[in-house]
$ cat input-v1.txt   # compact mmCIF, C-alpha atoms
# COMPACT_ATOMS: atom_id res chain seq x y z
CA MET A 17 -13.16 -26.82 -11.12
CA ALA A 18 -10.29 -27.95 -9.00
CA PRO A 19 -6.89 -27.44 -10.59
CA VAL A 20 -5.21 -30.59 -11.79
CA GLY A 21 -1.78 -31.14 -10.27
CA PRO A 22 0.70 -28.48 -9.24
CA ARG A 23 0.89 -25.31 -11.30
CA SER A 24 3.95 -23.18 -11.83
CA GLY A 25 4.34 -19.94 -9.93
CA ASP A 26 4.34 -17.99 -13.18
CA ALA A 27 1.10 -19.53 -14.35
CA ILE A 28 -0.65 -18.75 -11.09
CA PHE A 29 0.71 -15.24 -10.91
CA SER A 30 -0.49 -14.42 -14.40
CA SER A 31 -3.97 -15.72 -13.70
CA ILE A 32 -4.75 -13.94 -10.44
CA ASP A 33 -5.65 -10.33 -9.61
CA ARG A 34 -2.64 -8.15 -9.16
CA VAL A 35 -1.91 -4.66 -7.87
CA ASN A 36 0.83 -2.19 -8.53
CA ALA A 37 3.94 -3.05 -6.53
CA GLU A 38 4.51 0.60 -5.65
CA LEU A 39 1.23 0.79 -3.76
CA PHE A 40 2.32 -2.32 -1.90
CA MET A 41 5.80 -1.09 -1.02
CA LEU A 42 4.64 2.39 -0.01
CA THR A 43 1.89 0.93 2.15
CA TYR A 44 4.41 -1.36 3.79
CA GLY A 45 6.69 1.62 4.31
CA ALA A 46 3.84 3.48 5.98
CA ILE A 47 3.31 0.53 8.32
CA VAL A 48 6.98 0.38 9.28
CA ARG A 49 7.07 4.12 9.90
CA GLN A 50 3.97 3.92 12.07
CA LEU A 51 5.53 1.11 14.10
CA LEU A 52 8.75 3.04 14.54
CA THR A 53 6.83 6.05 15.84
CA ASP A 54 4.60 4.00 18.13
CA LEU A 55 7.04 1.48 19.55
CA GLU A 56 10.25 3.55 19.50
CA GLU A 57 12.50 0.54 20.08
CA VAL A 58 13.82 -1.01 16.87
CA GLU A 59 13.79 -4.44 18.52
CA GLU A 60 10.08 -4.10 19.25
CA VAL A 61 9.42 -3.11 15.66
CA ASN A 62 11.22 -6.22 14.43
CA LYS A 63 9.04 -8.30 16.71
CA GLN A 64 5.81 -6.63 15.63
CA LEU A 65 6.67 -6.99 11.93
CA ASP A 66 7.39 -10.66 12.47
CA GLN A 67 4.07 -11.04 14.29
CA MET A 68 2.19 -9.34 11.44
CA GLY A 69 3.92 -11.66 9.00
CA TYR A 70 2.93 -14.64 11.11
CA ASN A 71 -0.71 -13.52 11.10
CA ILE A 72 -0.57 -13.21 7.34
CA GLY A 73 1.21 -16.54 6.92
CA ILE A 74 -1.35 -18.58 8.79
CA ARG A 75 -4.10 -17.29 6.49
CA LEU A 76 -2.09 -17.12 3.30
CA ILE A 77 -1.27 -20.82 3.30
CA ASP A 78 -4.93 -21.60 2.51
CA GLU A 79 -4.81 -19.57 -0.64
CA PHE A 80 -1.45 -21.08 -1.52
CA LEU A 81 -2.78 -24.62 -1.28
CA ALA A 82 -6.03 -23.79 -3.05
CA LYS A 83 -4.48 -22.00 -6.00
CA SER A 84 -1.28 -23.96 -6.51
CA GLY A 85 -2.67 -27.48 -6.47
CA VAL A 86 0.42 -28.54 -4.56
CA SER A 87 -0.06 -31.64 -2.47
CA ARG A 88 2.04 -32.98 0.36
CA CYS A 89 5.79 -32.39 -0.02
CA VAL A 90 7.91 -35.48 0.55
CA ASP A 91 10.60 -33.72 2.50
CA PHE A 92 11.71 -30.32 3.75
CA LYS A 93 13.81 -29.85 0.62
CA GLU A 94 10.75 -29.97 -1.55
CA THR A 95 8.97 -27.62 0.82
CA ALA A 96 11.74 -25.06 0.55
CA GLU A 97 11.71 -25.29 -3.23
CA MET A 98 7.93 -24.77 -3.23
CA ILE A 99 8.24 -21.64 -1.12
CA ALA A 100 10.97 -20.21 -3.32
CA LYS A 101 9.63 -21.17 -6.74
CA VAL A 102 5.87 -21.06 -6.26
CA GLY A 103 5.17 -19.13 -3.07
CA PHE A 104 7.26 -16.05 -3.70
CA LYS A 105 6.25 -15.97 -7.32
CA MET A 106 2.52 -16.24 -6.83
CA PHE A 107 2.27 -13.64 -4.08
CA LEU A 108 5.05 -11.19 -4.76
CA GLY A 109 5.81 -11.88 -8.41
CA VAL A 110 9.49 -12.46 -7.72
CA THR A 111 11.62 -15.56 -7.84
CA ALA A 112 13.85 -16.86 -5.13
CA SER A 113 16.41 -19.61 -5.04
CA VAL A 114 17.30 -22.15 -2.40
CA SER A 115 20.86 -22.90 -1.42
CA SER A 116 23.28 -23.68 1.41
CA TRP A 117 21.65 -26.90 2.54
CA GLU A 118 22.95 -28.39 5.68
CA ALA A 119 23.88 -32.06 5.44
CA ASP A 120 20.84 -33.28 7.40
CA GLY A 121 18.43 -31.39 5.16
CA THR A 122 16.78 -29.35 7.88
CA CYS A 123 18.31 -25.96 7.27
CA CYS A 124 18.67 -23.94 4.11
CA SER A 125 18.83 -20.45 2.72
CA ILE A 126 16.29 -18.75 0.52
CA ILE A 127 17.83 -16.00 -1.54
CA LEU A 128 15.58 -13.33 -3.01
CA GLU A 129 16.58 -12.14 -6.42
CA ASP A 130 14.27 -9.19 -6.26
CA ASN A 131 12.50 -7.68 -3.31
CA PRO A 132 9.30 -5.71 -3.85
CA LEU A 133 9.36 -4.20 -0.37
CA VAL A 134 12.46 -2.08 -0.53
CA ASP A 135 12.55 -0.02 -3.73
CA PHE A 136 12.55 3.40 -2.10
CA VAL A 137 14.11 2.46 1.19
CA GLU A 138 17.26 3.54 2.93
CA LEU A 139 17.80 2.87 6.61
CA PRO A 140 18.72 5.98 8.60
CA ASP A 141 21.44 5.74 11.26
CA THR A 142 18.85 5.50 14.02
CA CYS A 143 17.33 2.33 12.56
CA GLN A 144 20.42 0.27 11.90
CA GLY A 145 19.13 -2.67 13.94
CA LEU A 146 15.92 -2.84 11.94
CA TYR A 147 15.13 -5.88 9.84
CA TYR A 148 13.01 -3.94 7.41
CA CYS A 149 11.60 -6.97 5.62
CA ASN A 150 10.93 -8.93 8.80
CA VAL A 151 7.32 -9.42 7.74
CA LEU A 152 8.52 -11.98 5.16
CA SER A 153 10.20 -14.20 7.70
CA GLY A 154 7.01 -14.13 9.76
CA VAL A 155 4.93 -15.12 6.73
CA ILE A 156 7.08 -18.20 6.07
CA ARG A 157 7.07 -19.20 9.73
CA GLY A 158 3.29 -18.81 9.99
CA ALA A 159 2.53 -20.60 6.75
CA LEU A 160 4.77 -23.57 7.59
CA GLU A 161 3.32 -23.86 11.05
CA MET A 162 -0.10 -24.42 9.48
CA VAL A 163 1.29 -27.40 7.60
CA SER A 164 2.78 -28.91 10.76
CA MET A 165 6.30 -27.58 10.55
CA LYS A 166 7.82 -25.55 13.34
CA THR A 167 10.53 -23.41 11.85
CA GLU A 168 12.88 -20.64 12.76
CA VAL A 169 13.36 -18.02 10.06
CA THR A 170 16.11 -15.44 10.32
CA TRP A 171 17.71 -12.90 8.03
CA THR A 172 21.32 -13.71 7.27
CA ARG A 173 21.90 -11.13 4.56
CA ASP A 174 20.10 -7.86 3.96
CA VAL A 175 21.01 -5.34 1.26
CA LEU A 176 19.64 -2.50 3.39
CA ARG A 177 22.25 -3.38 6.01
CA GLY A 178 25.09 -3.44 3.52
CA ASP A 179 25.08 -7.07 2.34
CA ASP A 180 24.92 -8.09 -1.29
CA ALA A 181 21.62 -10.00 -1.27
CA TYR A 182 18.48 -10.75 0.69
CA GLU A 183 18.93 -14.11 2.30
CA LEU A 184 16.63 -15.87 4.74
CA GLN A 185 17.73 -18.86 6.71
CA VAL A 186 14.93 -21.34 7.27
CA LYS A 187 15.58 -23.93 9.92
CA LEU A 188 13.20 -26.82 10.54
CA LEU A 189 12.87 -27.27 14.28
CA LYS A 190 10.40 -30.11 14.36
CA GLN A 191 7.57 -31.64 12.50
CA VAL A 192 4.40 -31.69 14.53
CA ALA A 193 2.39 -34.82 14.04
CA GLU A 194 -1.08 -34.01 12.77
CA GLU A 195 -3.75 -35.09 15.16
CA TYR A 196 -6.31 -37.07 13.31
CA PRO A 197 -9.17 -37.63 13.35
CA TYR A 198 -10.13 -34.23 14.65
CA LYS A 199 -12.63 -34.26 17.43
CA ASP A 200 -15.56 -32.25 16.23
CA ASP A 201 -17.28 -31.99 19.56
CA GLU A 202 -14.50 -30.17 21.37
CA MET B 3 25.38 -20.03 -11.80
CA ILE B 4 27.48 -17.00 -11.18
CA GLY B 5 25.76 -13.90 -9.97
CA VAL B 6 22.49 -15.50 -8.97
CA GLY B 7 20.99 -13.61 -6.09
CA LYS B 8 23.43 -10.75 -6.40
CA MET B 9 21.78 -7.39 -6.47
CA LYS B 10 23.42 -4.28 -7.70
CA GLN B 11 24.20 -2.10 -4.76
CA TYR B 12 23.94 1.62 -4.68
CA SER B 13 25.58 3.74 -2.04
CA ASN B 14 22.53 5.97 -1.99
CA VAL B 15 18.91 5.21 -2.78
CA LEU B 16 18.78 8.32 -4.96
CA ASP B 17 21.47 6.96 -7.29
CA LYS B 18 19.21 4.11 -8.21
CA PRO B 19 17.32 4.61 -11.44
CA LEU B 20 13.61 5.21 -10.93
CA SER B 21 11.63 2.08 -11.65
CA LYS B 22 9.10 2.20 -14.46
CA GLY B 23 6.34 1.21 -12.09
CA LYS B 24 5.29 -1.84 -14.06
CA GLN B 25 6.09 -4.33 -11.35
CA GLU B 26 3.13 -6.01 -9.70
CA VAL B 27 2.35 -8.12 -6.66
CA SER B 28 -0.71 -10.23 -6.05
CA LEU B 29 -3.85 -8.57 -4.76
CA THR B 30 -3.84 -11.15 -1.97
CA ALA B 31 -0.48 -9.98 -0.71
CA PHE B 32 -1.67 -6.38 -0.65
CA SER B 33 -4.98 -7.22 0.98
CA PHE B 34 -3.33 -9.23 3.74
CA LEU B 35 -0.87 -6.43 4.37
CA PHE B 36 -3.64 -3.85 4.44
CA SER B 37 -5.65 -5.98 6.82
CA GLU B 38 -2.65 -6.13 9.15
CA LEU B 39 -2.38 -2.35 8.98
CA VAL B 40 -6.01 -2.01 10.02
CA GLN B 41 -5.78 -4.68 12.72
CA TYR B 42 -2.63 -3.22 14.21
CA ASN B 43 -4.14 0.24 14.34
CA GLN B 44 -7.26 -1.15 15.98
CA THR B 45 -5.10 -2.16 18.92
CA GLN B 46 -3.82 1.39 19.26
CA VAL B 47 -7.09 3.29 19.53
CA ASP B 48 -10.23 3.60 21.64
CA ASN B 49 -12.66 4.84 19.04
CA ILE B 50 -13.54 4.84 15.36
CA ALA B 51 -12.57 8.45 14.72
CA GLU B 52 -9.11 7.80 16.08
CA LEU B 53 -8.78 4.65 13.97
CA GLU B 54 -9.74 6.55 10.83
CA ARG B 55 -7.29 9.28 11.70
CA ARG B 56 -4.47 6.77 12.03
CA LEU B 57 -5.32 5.10 8.74
CA GLU B 58 -5.43 8.52 7.16
CA ASP B 59 -1.97 9.25 8.57
CA ALA B 60 -0.62 6.07 7.02
CA GLY B 61 -2.21 7.00 3.69
CA TYR B 62 -0.86 10.53 3.91
CA ALA B 63 2.67 9.14 3.99
CA VAL B 64 1.90 7.18 0.84
CA GLY B 65 0.29 10.17 -0.91
CA ALA B 66 3.20 12.50 -0.26
CA ARG B 67 5.57 10.00 -1.86
CA VAL B 68 3.28 9.17 -4.73
CA LEU B 69 3.09 12.85 -5.69
CA GLU B 70 6.85 13.13 -5.77
CA LEU B 71 7.26 9.88 -7.67
CA LEU B 72 4.63 10.57 -10.29
CA CYS B 73 5.64 14.17 -10.89
CA ASN B 74 9.09 12.85 -11.68
CA ARG B 75 8.08 9.90 -13.75
CA GLU B 76 4.81 10.76 -15.45
CA LYS B 77 4.90 14.53 -15.64
CA GLY B 78 8.50 15.24 -16.60
CA ASN B 79 9.30 16.94 -13.31
CA ARG B 80 6.32 19.23 -13.46
CA ARG B 81 3.69 19.59 -10.85
CA GLU B 82 0.14 20.76 -11.36
CA THR B 83 -0.36 24.27 -10.03
CA ARG B 84 -4.01 24.65 -10.93
CA LEU B 85 -6.81 23.32 -8.85
CA LEU B 86 -8.64 21.45 -11.58
CA GLY B 87 -5.31 20.20 -12.85
CA ILE B 88 -4.35 18.64 -9.55
CA LEU B 89 -7.82 17.18 -9.08
CA SER B 90 -7.72 15.46 -12.43
CA PHE B 91 -4.16 14.36 -11.68
CA VAL B 92 -5.49 12.58 -8.59
CA HIS B 93 -8.53 11.20 -10.35
CA SER B 94 -6.66 9.86 -13.36
CA THR B 95 -2.87 9.63 -12.98
CA VAL B 96 -2.65 8.73 -9.30
CA TRP B 97 -5.63 6.38 -9.46
CA LYS B 98 -4.38 4.67 -12.58
CA VAL B 99 -0.96 4.00 -11.10
CA LEU B 100 -2.12 2.92 -7.66
CA PHE B 101 -5.34 1.11 -8.45
CA GLY B 102 -4.88 0.17 -12.11
CA LYS B 103 -7.83 2.21 -13.32
CA ILE B 104 -9.10 5.76 -13.49
CA ALA B 105 -11.53 6.58 -10.67
CA ASP B 106 -15.19 6.09 -11.57
CA SER B 107 -16.07 9.75 -11.21
CA LEU B 108 -14.88 13.17 -10.17
CA GLU B 109 -17.69 15.57 -9.33
CA LYS B 110 -18.15 18.97 -7.87
CA GLY B 111 -20.07 19.10 -4.61
CA THR B 112 -23.62 20.35 -4.99
CA GLU B 113 -23.92 22.17 -1.70
CA HIS B 114 -20.57 23.86 -1.40
CA GLU B 115 -18.42 25.47 -4.04
CA ASP B 116 -15.18 24.24 -2.55
CA GLU B 117 -16.07 20.55 -2.30
CA TYR B 118 -15.23 17.81 -4.74
CA MET B 119 -15.95 14.12 -4.71
CA ILE B 120 -14.10 11.19 -6.18
CA SER B 121 -16.27 8.08 -6.24
CA GLU B 122 -15.39 4.48 -6.74
CA LYS B 123 -17.85 1.65 -6.98
CA GLU B 124 -15.50 -0.85 -5.41
CA LEU B 125 -12.51 0.79 -3.81
CA LEU B 126 -9.53 -1.56 -3.81
CA VAL B 127 -8.99 -1.37 -0.06
CA ASN B 128 -12.66 -2.02 0.69
CA ARG B 129 -12.94 -5.00 -1.58
CA PHE B 130 -12.51 -7.65 1.08
CA ILE B 131 -13.73 -5.61 4.01
CA SER B 132 -17.06 -5.84 5.71
CA ILE B 133 -17.72 -3.51 8.59
CA PRO B 134 -19.09 -5.05 11.79
CA LYS B 135 -22.39 -3.51 12.95
CA ASP B 136 -20.88 -2.04 16.08
CA MET B 137 -18.33 -0.03 14.12
CA GLY B 138 -20.91 2.28 12.60
CA THR B 139 -19.70 4.51 9.82
CA PHE B 140 -16.11 3.32 9.90
CA ASN B 141 -14.64 3.22 6.41
CA CYS B 142 -11.23 1.78 5.53
CA GLY B 143 -11.28 4.20 2.63
CA ALA B 144 -9.80 6.59 5.23
CA PHE B 145 -6.49 5.20 4.04
CA VAL B 146 -7.22 6.31 0.46
CA ALA B 147 -8.56 9.64 1.75
CA GLY B 148 -5.16 10.00 3.41
CA ILE B 149 -3.41 9.30 0.11
CA VAL B 150 -5.49 12.00 -1.61
CA LYS B 151 -4.80 14.43 1.22
CA GLY B 152 -1.09 13.64 1.03
CA VAL B 153 -1.02 14.42 -2.67
CA LEU B 154 -3.08 17.63 -2.39
CA ASP B 155 -1.32 19.02 0.68
CA ASN B 156 2.11 18.51 -0.78
CA ALA B 157 1.08 20.03 -4.07
CA GLY B 158 0.05 23.18 -2.21
CA PHE B 159 -3.71 22.64 -2.02
CA PRO B 160 -4.42 21.84 1.62
CA ALA B 161 -7.74 20.10 2.06
CA VAL B 162 -9.78 18.04 4.47
CA VAL B 163 -10.40 14.65 2.89
CA THR B 164 -12.81 12.02 4.19
CA ALA B 165 -14.18 8.69 2.97
CA HIS B 166 -17.86 7.78 3.05
CA PHE B 167 -20.06 4.90 2.02
CA VAL B 168 -22.87 5.92 -0.29
CA PRO B 169 -25.57 3.32 -0.93
CA ILE B 170 -26.41 2.70 -4.58
CA GLU B 171 -29.93 1.70 -5.51
CA GLY B 172 -30.30 -1.92 -6.48
CA GLN B 173 -26.78 -2.78 -5.37
CA GLN B 174 -25.86 -4.72 -2.31
CA ARG B 175 -22.62 -2.94 -1.62
CA PRO B 176 -22.33 0.81 -1.29
CA ARG B 177 -19.82 2.77 -3.28
CA THR B 178 -17.09 4.76 -1.60
CA THR B 179 -16.92 8.49 -2.03
CA ILE B 180 -13.81 10.44 -1.17
CA LEU B 181 -14.93 13.92 -0.19
CA ILE B 182 -12.42 16.71 -0.66
CA LYS B 183 -13.02 20.03 1.04
CA PHE B 184 -10.37 22.59 0.29
CA ALA B 185 -9.01 24.72 3.10
CA ASP B 186 -9.97 28.39 3.28
CA GLU B 187 -6.44 29.42 2.54
CA VAL B 188 -6.64 27.86 -0.91
CA ASN B 189 -9.60 30.07 -1.62
CA ALA B 190 -7.94 33.15 -0.19
CA TYR B 191 -4.79 32.52 -2.17
CA ILE B 192 -6.67 32.13 -5.41
CA THR B 193 -8.76 35.22 -4.81
CA LEU B 194 -5.58 37.14 -4.22
CA PHE B 195 -4.22 35.74 -7.43
CA HIS B 196 -7.28 36.94 -9.29
CA SER B 197 -6.82 40.47 -7.97
CA LEU B 198 -3.15 40.46 -8.88
CA PHE B 199 -3.95 39.20 -12.33
CA LEU B 200 -6.45 42.01 -12.90
CA LYS B 201 -3.94 44.57 -11.74
CA LEU B 202 -1.01 43.31 -13.75
CA TRP B 203 -2.22 41.88 -17.01
CA ASP B 204 -5.75 41.70 -18.05
CA LYS B 205 -8.60 43.86 -16.99
CA THR B 206 -11.21 41.55 -18.39
CA LEU B 207 -10.82 38.37 -16.41
CA THR B 208 -14.27 36.85 -16.36
CA PHE B 209 -15.65 34.14 -14.18
CA ASP B 210 -15.25 31.56 -16.89
CA THR B 211 -11.60 32.21 -17.61
CA CYS B 212 -10.85 32.52 -13.93
CA SER B 213 -12.40 29.21 -13.12
CA ALA B 214 -10.77 27.55 -16.06
CA PHE B 215 -7.35 28.85 -15.28
CA PHE B 216 -7.13 29.33 -11.59
CA HIS B 217 -9.87 28.25 -9.42
CA PRO B 218 -13.46 27.25 -9.82
CA PHE B 219 -14.49 28.91 -6.57
CA CYS B 220 -12.61 32.16 -6.60
CA ASN B 221 -14.37 34.38 -4.03
CA ARG B 222 -14.14 37.43 -6.18
CA CYS B 223 -15.75 35.76 -9.17
CA LEU B 224 -18.47 34.26 -7.04
CA LYS B 225 -19.30 37.66 -5.58
CA GLU B 226 -19.57 39.17 -9.02
CA ARG B 227 -21.65 36.35 -10.31
CA HIS B 228 -24.05 36.04 -7.45
CA GLY B 229 -24.09 39.77 -6.72
$ encode --input "input-v1.txt" --output "structure tokens"
Amino acid sequence: MAPVGPRSGDAIFSSIDRVNAELFMLTYGAIVRQLLTDLEEVEEVNKQLDQMGYNIGIRLIDEFLAKSGVSRCVDFKETAEMIAKVGFKMFLGVTASVSSWEADGTCCSIILEDNPLVDFVELPDTCQGLYYCNVLSGVIRGALEMVSMKTEVTWTRDVLRGDDAYELQVKLLKQVAEEYPYKDDE
Amino acid sequence: MIGVGKMKQYSNVLDKPLSKGKQEVSLTAFSFLFSELVQYNQTQVDNIAELERRLEDAGYAVGARVLELLCNREKGNRRETRLLGILSFVHSTVWKVLFGKIADSLEKGTEHEDEYMISEKELLVNRFISIPKDMGTFNCGAFVAGIVKGVLDNAGFPAVVTAHFVPIEGQQRPRTTILIKFADEVNAYITLFHSLFLKLWDKTLTFDTCSAFFHPFCNRCLKERHG
């Protein structure tokens, strides 16, 4: 049966299959280490992590829409709230908050209160330029692109680099008009 | 709200208290991440064996850390030093923490004394994976085999660990068996231990006590038993 209306992140998270967060964070760590060995350049690793996130994002949005019962958001503000309150909760089990809106409502910050990727992590001196959690920014970018929003997502604060929180800046570049009706025969 | 989004900072990751390990993420998040791991590694290799080796490497890194973490948290800073002990540690403790359940079975190999098998009807990492025809015997369980190898190696029981699909009658999907073959040096070490034991303490070490306490495939015991 289709869910009726939007559900809260908590409700979804408690009703779906879950795995231990340590398996998740150690697996992610293994990925990052593999990339660092293969690609050598920290910049390249950042790029690859972002690309992986993007690949995840474009598929993950389907599950998000199916499970959350969320329908069209009226504006970017609502979208950002959905990502922070429902998205992060239902996939990672953590909550995030939205702040620092720019006056025109196209740019905001998502602040993670807890980050299930970094529990055992410390950046060595050789990896100072690494955005360890770059996969997350890719996920948001990919997911939003699938719902017709071109965005730019960058890390503005990162505890691993000495800041006091994890903060992502999400900037709406443009809204792509949906082409409809789709041409089936092409 | 004051303090929202502020995380306590530690100068060193080791100063941070060890988490209780109760935190969870959605299976979807893990599965997507795992699929990216596999897809990325596919771009780095020419053949299946190489792909499995790379997945095993990734798993090995996880296993080594899991051993350290669990010995600290679950075992009060003790590590298993006996072969059967470490095997059951993998089969129950490690499995329970990583996959939320104890593995379906832990068996001794029938053909070789130094082989053990951990089987799982539906291995977590294989749950959403179907192998294309042209990829033959490829098994993503190589990642889990790597975890097992990482745990065993770092606990001092070097082994070759591989993952295999085993068809079950009447079931559409095969189960995954993790095959553990201990390295010769494990055997040699244990046999040496048996000899030392005889010399130093007890002149009546029988096969049964030896296998219970040290090693189920002690060379010396096997020789005595099979003549």
$ interface_residues --input "input-v1.txt" --of "chain A" --to "chain B" --cutoff "9 Å" --atoms "only C-alpha atoms" --output "PyMOL selection string"
chain A and resi 29+32-40+42-47+49-50+54+68-69+71-72+75-76+79+105-110+112-113+127-130+132+135-138+175+178-183
$ residues_around --input "input-v1.txt" --residues "Pro22 in chain A" --least-positions-apart "6" --cutoff "6 Å" --atoms "all atoms listed in the file" --output "VMD selection string"
chain A and resid 84 to 86
$ atom_distance --input "input-v1.txt" --atom1 "CA of Gln185 in chain A" --atom2 "CA of Ser125 in chain A"
4.4 Å
$ residues_near_point --input "input-v1.txt" --point "(3.8, -28.1, 7.8)" --cutoff "12 Å" --atoms "all atoms listed in the file" --output "PyMOL selection string"
chain A and resi 73-74+77+81+87-92+94-96+99+156-167+188-194
$ atom_distance --input "input-v1.txt" --atom1 "CA of Lys22 in chain B" --atom2 "CA of Trp97 in chain B"
16.1 Å
$ atom_distance --input "input-v1.txt" --atom1 "CA of Leu55 in chain A" --atom2 "CA of Leu152 in chain A"
19.8 Å
$ residues_around --input "input-v1.txt" --residues "Glu70 in chain B" --least-positions-apart "2" --cutoff "12 Å" --atoms "all atoms listed in the file" --output "list in words"
Phe136 of chain A; Leu20, Ala63, Val64, Gly65, Ala66, Arg67, Val68, Leu72, Cys73, Asn74, Arg75, Glu76, Lys77, Gly78, Asn79, Arg80, Arg81, Glu82, Val96, Gly152, Val153, Leu154, Asp155, Asn156 and Ala157 of chain B
$ axis_aligned_box --input "input-v1.txt" --around "range 135-138 of chain A" --padding-each-side "6 Å" --output "lines of an AutoDock Vina configuration file"
center_x = 14.9
center_y = 1.8
center_z = -0.4
size_x = 16.7
size_y = 15.6
size_z = 18.7
